[in-house]
>>> print(open('input26.tsv').read())   # TSV, C-alpha atoms
chain	number	residue	atom	x	y	z
G	1	MET	CA	128.81	178.20	241.25
G	2	PRO	CA	130.34	175.05	242.80
G	3	ALA	CA	128.75	176.00	246.12
G	4	VAL	CA	125.31	176.05	244.51
G	5	PHE	CA	125.54	172.47	243.33
G	6	SER	CA	127.46	171.09	246.31
G	7	GLY	CA	124.25	169.94	248.04
G	8	ALA	CA	123.11	168.00	244.97
G	9	LEU	CA	126.57	166.53	244.38
G	10	PHE	CA	126.93	165.51	248.04
G	11	ALA	CA	123.52	163.80	247.93
G	12	GLU	CA	124.62	161.86	244.83
G	13	ARG	CA	127.04	159.82	246.97
G	14	CYS	CA	124.15	158.30	248.92
G	15	CYS	CA	121.92	157.83	245.89
G	16	GLU	CA	121.51	154.96	243.50
G	17	GLU	CA	123.21	155.34	240.14
G	18	ASP	CA	120.95	152.87	238.30
G	19	THR	CA	117.83	155.05	238.22
G	20	GLU	CA	116.86	156.21	234.74
G	21	THR	CA	116.36	159.94	234.23
G	22	PRO	CA	113.42	161.06	232.07
G	23	CYS	CA	114.16	163.40	229.15
G	24	PHE	CA	111.74	166.10	230.32
G	25	THR	CA	110.18	167.16	233.61
G	26	SER	CA	107.42	169.71	233.93
G	27	ALA	CA	105.74	171.14	237.01
G	28	LEU	CA	102.88	173.41	238.01
G	29	THR	CA	103.41	174.85	241.48
G	30	THR	CA	101.94	177.45	243.79
G	31	GLY	CA	103.21	179.09	246.96
G	32	PHE	CA	104.24	182.33	248.61
G	33	VAL	CA	107.07	184.81	248.01
G	34	PHE	CA	108.54	186.49	251.07
G	35	LYS	CA	109.77	189.94	250.09
G	36	HIS	CA	112.82	191.88	251.33
G	37	ASN	CA	112.47	194.12	254.38
G	38	ASP	CA	110.88	197.18	252.79
G	39	CYS	CA	108.69	199.24	255.16
G	40	VAL	CA	106.49	200.72	252.42
G	41	PHE	CA	105.88	197.33	250.77
G	42	LYS	CA	104.96	195.79	254.15
G	43	GLU	CA	102.52	198.61	254.92
G	44	VAL	CA	100.74	198.22	251.60
G	45	TYR	CA	100.92	194.47	250.83
G	46	GLY	CA	102.12	192.71	253.97
G	47	ARG	CA	105.08	190.32	254.24
G	48	GLY	CA	104.99	189.11	250.65
G	49	ILE	CA	103.07	188.21	247.55
G	50	GLU	CA	101.11	185.13	246.53
G	51	ASN	CA	102.71	182.92	243.88
G	52	VAL	CA	99.48	182.08	242.05
G	53	ILE	CA	101.15	179.68	239.59
G	54	THR	CA	104.60	178.83	238.28
G	55	ALA	CA	105.13	176.61	235.24
G	56	ASP	CA	108.51	174.88	234.93
G	57	LEU	CA	109.90	172.80	232.04
G	58	CYS	CA	113.34	171.18	232.08
G	59	TYR	CA	115.12	169.13	229.38
G	60	TYR	CA	117.91	166.72	230.39
G	61	PRO	CA	120.38	166.23	227.54
G	62	TRP	CA	122.85	164.71	230.05
G	63	ARG	CA	122.27	162.27	232.91
G	64	SER	CA	122.85	164.73	235.77
G	65	TRP	CA	122.41	168.11	234.05
G	66	GLY	CA	119.43	169.84	232.53
G	67	ILE	CA	118.46	173.17	230.99
G	68	GLY	CA	115.08	174.74	231.35
G	69	GLY	CA	112.90	177.69	232.05
G	70	LYS	CA	110.02	178.80	234.17
G	71	VAL	CA	107.38	181.49	234.14
G	72	GLY	CA	105.23	182.56	237.06
G	73	TYR	CA	102.39	184.85	237.97
G	74	TRP	CA	102.48	186.60	241.34
G	75	ARG	CA	99.65	188.76	242.67
G	76	ALA	CA	98.96	190.84	245.79
G	77	THR	CA	96.23	193.28	246.78
G	78	GLY	CA	96.62	195.93	249.45
G	79	CYS	CA	95.71	199.41	250.61
G	80	THR	CA	97.76	202.52	249.89
G	81	THR	CA	99.46	204.15	252.87
G	82	THR	CA	97.91	207.62	252.60
G	83	PHE	CA	94.20	207.24	251.73
G	84	LYS	CA	93.87	203.46	252.25
G	85	ARG	CA	92.60	202.96	248.71
G	86	CYS	CA	92.86	199.57	246.95
G	87	THR	CA	95.99	198.74	245.01
G	88	LEU	CA	96.98	195.70	242.94
G	89	LEU	CA	100.51	194.42	242.33
G	90	GLN	CA	101.26	191.84	239.64
G	91	GLN	CA	104.68	190.38	238.88
G	92	ILE	CA	105.70	187.93	236.16
G	93	PRO	CA	109.16	186.37	236.55
G	94	VAL	CA	110.53	184.61	233.45
G	95	THR	CA	113.81	182.73	234.00
G	96	PHE	CA	116.09	180.26	232.24
G	97	TYR	CA	118.46	178.01	234.16
G	98	LEU	CA	121.04	175.24	234.31
G	99	ARG	CA	120.04	172.44	236.70
G	100	GLY	CA	122.13	169.79	238.44
G	101	ILE	CA	120.13	166.74	239.50
G	102	SER	CA	120.80	163.78	241.74
G	103	GLN	CA	118.86	160.49	241.48
G	104	CYS	CA	118.07	159.08	244.91
G	105	ARG	CA	116.38	155.98	246.27
G	106	ARG	CA	112.63	155.36	246.13
G	107	GLY	CA	111.92	157.77	243.28
G	108	VAL	CA	113.31	160.92	244.87
G	109	GLN	CA	115.39	163.44	242.93
G	110	LEU	CA	117.22	166.38	244.50
G	111	TYR	CA	118.19	169.33	242.35
G	112	ALA	CA	119.83	172.73	242.41
G	113	SER	CA	119.68	175.32	239.64
G	114	LEU	CA	121.21	178.66	238.78
G	115	GLY	CA	119.76	181.01	236.19
G	116	GLY	CA	118.57	184.42	235.18
G	117	GLY	CA	115.85	186.24	233.32
G	118	VAL	CA	113.49	189.18	233.53
G	119	MET	CA	110.81	190.37	235.96
G	120	VAL	CA	107.81	192.27	234.59
G	121	VAL	CA	106.01	194.35	237.23
G	122	LYS	CA	102.66	196.14	237.06
G	123	GLU	CA	101.15	198.09	239.94
G	124	LYS	CA	97.71	199.68	239.69
G	125	SER	CA	96.29	202.20	242.18
G	126	TYR	CA	94.51	205.56	242.30
G	127	LEU	CA	97.95	207.16	241.91
G	128	GLY	CA	98.22	205.67	238.41
G	129	ASP	CA	99.72	202.63	236.79
G	130	LEU	CA	103.37	201.67	237.13
G	131	LYS	CA	104.91	199.26	234.64
G	132	ALA	CA	108.52	198.15	234.86
G	133	ARG	CA	110.97	195.47	233.77
G	134	GLY	CA	114.25	194.45	235.29
G	135	GLY	CA	116.81	191.69	235.09
G	136	ILE	CA	116.82	189.06	237.82
G	137	GLY	CA	118.89	186.09	238.85
G	138	GLU	CA	117.69	182.94	240.54
G	139	LEU	CA	119.10	180.30	242.83
G	140	GLU	CA	116.88	177.27	243.51
G	141	ALA	CA	116.94	173.99	245.40
G	142	GLY	CA	114.18	171.44	245.22
G	143	LEU	CA	112.91	167.91	245.42
G	144	ILE	CA	110.94	165.81	242.95
G	145	TYR	CA	109.16	162.65	244.14
G	146	HIS	CA	107.98	160.23	241.43
G	147	ALA	CA	104.64	159.14	242.92
G	148	ARG	CA	103.44	157.19	239.86
G	149	ARG	CA	104.83	156.32	236.47
G	150	TYR	CA	104.62	159.82	234.94
G	151	PHE	CA	103.14	161.76	237.88
G	152	ASP	CA	105.40	163.66	240.30
G	153	LEU	CA	105.07	165.69	243.49
G	154	THR	CA	107.51	168.56	243.76
G	155	CYS	CA	108.57	171.29	246.16
G	156	ALA	CA	111.16	174.03	245.78
G	157	PHE	CA	112.81	176.97	247.48
G	158	ARG	CA	113.99	179.77	245.19
G	159	TYR	CA	115.80	183.03	245.82
G	160	LEU	CA	115.30	185.76	243.20
G	161	PHE	CA	117.66	188.73	243.22
G	162	PRO	CA	118.30	191.73	243.04
G	163	ARG	CA	115.61	194.33	243.50
G	164	ALA	CA	114.65	195.99	240.22
G	165	CYS	CA	115.17	199.75	240.08
G	166	VAL	CA	113.06	202.06	237.88
G	167	CYS	CA	113.86	205.79	237.96
G	168	ASP	CA	113.97	206.69	241.65
G	169	ASN	CA	111.34	204.15	242.67
G	170	LYS	CA	112.55	200.81	243.96
G	171	ILE	CA	110.41	197.87	243.01
G	172	ASP	CA	110.83	194.75	245.07
G	173	GLY	CA	111.24	192.26	242.25
G	174	GLY	CA	113.09	189.59	244.18
G	175	GLY	CA	112.40	187.56	247.27
G	176	PHE	CA	112.30	184.06	248.74
G	177	ASP	CA	109.85	181.84	246.86
G	178	VAL	CA	108.56	178.71	248.63
G	179	ARG	CA	106.25	176.53	246.54
G	180	ALA	CA	104.89	173.03	245.98
G	181	GLY	CA	102.81	171.30	243.34
G	182	ILE	CA	102.50	168.53	240.80
G	183	GLY	CA	104.68	167.53	237.89
G	184	PHE	CA	104.99	165.16	234.97
G	185	SER	CA	108.05	163.28	233.71
G	186	PHE	CA	108.21	162.12	230.12
>>> encode(input="input26.tsv", output="structure tokens")
Amino acid sequence: MPAVFSGALFAERCCEEDTETPCFTSALTTGFVFKHNDCVFKEVYGRGIENVITADLCYYPWRSWGIGGKVGYWRATGCTTTFKRCTLLQQIPVTFYLRGISQCRRGVQLYASLGGGVMVVKEKSYLGDLKARGGIGELEAGLIYHARRYFDLTCAFRYLFPRACVCDNKIDGGGFDVRAGIGFSF
């Protein structure tokens, strides 16, 4: 765990200590999730899945530490390998985390978080519907730029792990999530 926060703690040395941290930050982001190297997944859906929206809310009870959660909606359409019929994959990751934050100059905050939660997966095709749940962990690093008084711009890189396993079918529940969006501090 110290390695996760080392980037944020290192950046704190070059940051101003006088900046005031808001009690809450929230963000709405969108992006793309690059999936693990799975040949079947790549044939059906391509390299990854679209992160349609992720909502994030973090509460800071301490100056440099916060607790929060996020929920997302991921969606991909593709064609099955055998008969090339349409298929739809939907994934909903719900995670809770502990976040270390570093206040920097000119309204920039760097953060790193570590957490866990659940991934809900639903796949619909002519073969039938598949519904599954599995536990996931997350490791995230990001940046928040305070553009205006309460308005923020944010970007993040998140790694979700491991792959969820249901019966003998492996469902690629993890991946590398790259996203950006807007946020509000209050």
>>> atom_distance(input="input26.tsv", atom1="CA of Ile144 (chain G)", atom2="CA of Ile92 (chain G)")
23.7 Å
>>> atom_distance(input="input26.tsv", atom1="CA of Glu50 (chain G)", atom2="CA of Arg179 (chain G)")
10.0 Å
>>> residues_near_point(input="input26.tsv", point="(106.6, 173.5, 236.5)", cutoff="6 Å", atoms="all atoms listed in the file", output="VMD selection string")
chain G and resid 26 to 28 54 to 57
>>> closest_residue(input="input26.tsv", among="G:Val94, G:Val33, G:Ser102, G:Leu88", to="Arg63 (chain G)", atoms="all atoms listed in the file")
G:Ser102
>>> closest_residue(input="input26.tsv", among="G:Val44, G:Val52, G:Val118, G:Leu139", to="Thr29 (chain G)", atoms="only C-alpha atoms")
G:Val52
>>> atom_distance(input="input26.tsv", atom1="CA of Gly142 (chain G)", atom2="CA of Gly68 (chain G)")
14.3 Å
>>> closest_residue(input="input26.tsv", among="G:Ala76, G:Cys104, G:Ile182, G:Ala156", to="Lys124 (chain G)", atoms="all atoms listed in the file")
G:Ala76
>>> closest_residue(input="input26.tsv", among="G:Phe151, G:Tyr60, G:Tyr145, G:Tyr159", to="Gly183 (chain G)", atoms="all atoms listed in the file")
G:Phe151
>>> residues_around(input="input26.tsv", residues="region 77-81 of chain G", least_positions_apart="5", cutoff="9 Å", atoms="only C-alpha atoms", output="ChimeraX atom specification")
/G:40,43-46,49,86-90,125-126
>>> closest_residue(input="input26.tsv", among="G:Trp74, G:Phe83, G:Thr154, G:Ala141", to="Val120 (chain G)", atoms="all atoms listed in the file")
G:Trp74
>>> closest_residue(input="input26.tsv", among="G:Asp38, G:Asp152, G:Glu123, G:Asp129", to="Gly175 (chain G)", atoms="only C-alpha atoms")
G:Asp38
>>> residues_near_point(input="input26.tsv", point="(119.2, 170.0, 241.1)", cutoff="6 Å", atoms="all atoms listed in the file", output="PDB file with C-alpha atoms, in the coordinates of the input")
ATOM      1  CA  ALA G   8     123.110 168.000 244.970  1.00  0.00           C
ATOM      2  CA  ARG G  99     120.040 172.440 236.700  1.00  0.00           C
ATOM      3  CA  GLY G 100     122.130 169.790 238.440  1.00  0.00           C
ATOM      4  CA  ILE G 101     120.130 166.740 239.500  1.00  0.00           C
ATOM      5  CA  LEU G 110     117.220 166.380 244.500  1.00  0.00           C
ATOM      6  CA  TYR G 111     118.190 169.330 242.350  1.00  0.00           C
ATOM      7  CA  ALA G 112     119.830 172.730 242.410  1.00  0.00           C
ATOM      8  CA  SER G 113     119.680 175.320 239.640  1.00  0.00           C
TER       9      SER G 113
END
>>> build_atoms(input="input26.tsv", residues="region 93-126 of chain G", atoms="N, CA and C atoms", output="compact mmCIF listing (two decimals), in the coordinates of the input")
# COMPACT_ATOMS: atom_id res chain seq x y z
N PRO G 93 107.75 186.71 236.74
CA PRO G 93 109.16 186.37 236.55
C PRO G 93 109.30 185.32 235.45
N VAL G 94 110.21 185.56 234.52
CA VAL G 94 110.53 184.61 233.45
C VAL G 94 112.03 184.33 233.56
N THR G 95 112.40 183.07 233.80
CA THR G 95 113.81 182.73 234.00
C THR G 95 114.20 181.49 233.21
N PHE G 96 115.48 181.42 232.90
CA PHE G 96 116.09 180.26 232.24
C PHE G 96 117.25 179.82 233.12
N TYR G 97 117.50 178.51 233.19
CA TYR G 97 118.46 178.01 234.16
C TYR G 97 119.21 176.78 233.69
N LEU G 98 120.28 176.48 234.42
CA LEU G 98 121.04 175.24 234.31
C LEU G 98 120.82 174.49 235.61
N ARG G 99 120.41 173.21 235.52
CA ARG G 99 120.04 172.44 236.70
C ARG G 99 120.92 171.21 236.86
N GLY G 100 121.43 171.01 238.07
CA GLY G 100 122.13 169.79 238.44
C GLY G 100 121.18 168.92 239.22
N ILE G 101 121.11 167.62 238.87
CA ILE G 101 120.13 166.74 239.50
C ILE G 101 120.80 165.49 240.03
N SER G 102 120.27 164.98 241.10
CA SER G 102 120.80 163.78 241.74
C SER G 102 119.67 162.77 241.90
N GLN G 103 119.86 161.56 241.37
CA GLN G 103 118.86 160.49 241.48
C GLN G 103 119.04 159.78 242.81
N CYS G 104 118.00 159.73 243.60
CA CYS G 104 118.07 159.08 244.91
C CYS G 104 117.18 157.85 244.95
N ARG G 105 117.17 157.20 246.08
CA ARG G 105 116.38 155.98 246.27
C ARG G 105 114.89 156.29 246.33
N ARG G 106 114.09 155.30 246.01
CA ARG G 106 112.63 155.36 246.13
C ARG G 106 112.00 156.49 245.33
N GLY G 107 112.53 156.80 244.17
CA GLY G 107 111.92 157.77 243.28
C GLY G 107 112.10 159.22 243.64
N VAL G 108 113.07 159.54 244.46
CA VAL G 108 113.31 160.92 244.87
C VAL G 108 114.49 161.49 244.09
N GLN G 109 114.32 162.71 243.60
CA GLN G 109 115.39 163.44 242.93
C GLN G 109 115.61 164.76 243.68
N LEU G 110 116.86 165.08 243.94
CA LEU G 110 117.22 166.38 244.50
C LEU G 110 117.84 167.21 243.39
N TYR G 111 117.58 168.50 243.38
CA TYR G 111 118.19 169.33 242.35
C TYR G 111 118.55 170.70 242.88
N ALA G 112 119.45 171.35 242.16
CA ALA G 112 119.83 172.73 242.41
C ALA G 112 120.00 173.40 241.04
N SER G 113 119.56 174.64 240.93
CA SER G 113 119.68 175.32 239.64
C SER G 113 120.12 176.77 239.85
N LEU G 114 120.73 177.29 238.81
CA LEU G 114 121.21 178.66 238.78
C LEU G 114 120.82 179.25 237.44
N GLY G 115 120.21 180.44 237.45
CA GLY G 115 119.76 181.01 236.19
C GLY G 115 119.50 182.50 236.28
N GLY G 116 118.89 183.01 235.25
CA GLY G 116 118.57 184.42 235.18
C GLY G 116 117.45 184.68 234.20
N GLY G 117 116.95 185.89 234.22
CA GLY G 117 115.85 186.24 233.32
C GLY G 117 115.38 187.66 233.54
N VAL G 118 114.08 187.85 233.43
CA VAL G 118 113.49 189.18 233.53
C VAL G 118 112.25 189.12 234.43
N MET G 119 112.01 190.23 235.14
CA MET G 119 110.81 190.37 235.96
C MET G 119 109.99 191.51 235.39
N VAL G 120 108.73 191.24 235.06
CA VAL G 120 107.81 192.27 234.59
C VAL G 120 106.88 192.61 235.75
N VAL G 121 106.79 193.90 236.08
CA VAL G 121 106.01 194.35 237.23
C VAL G 121 104.96 195.34 236.78
N LYS G 122 103.74 195.18 237.32
CA LYS G 122 102.66 196.14 237.06
C LYS G 122 101.95 196.41 238.37
N GLU G 123 101.86 197.69 238.73
CA GLU G 123 101.15 198.09 239.94
C GLU G 123 100.07 199.08 239.55
N LYS G 124 98.85 198.84 240.05
CA LYS G 124 97.71 199.68 239.69
C LYS G 124 97.06 200.22 240.96
N SER G 125 96.95 201.56 241.04
CA SER G 125 96.29 202.20 242.18
C SER G 125 95.70 203.53 241.72
N TYR G 126 95.08 204.26 242.65
CA TYR G 126 94.51 205.56 242.30
C TYR G 126 95.60 206.56 241.91
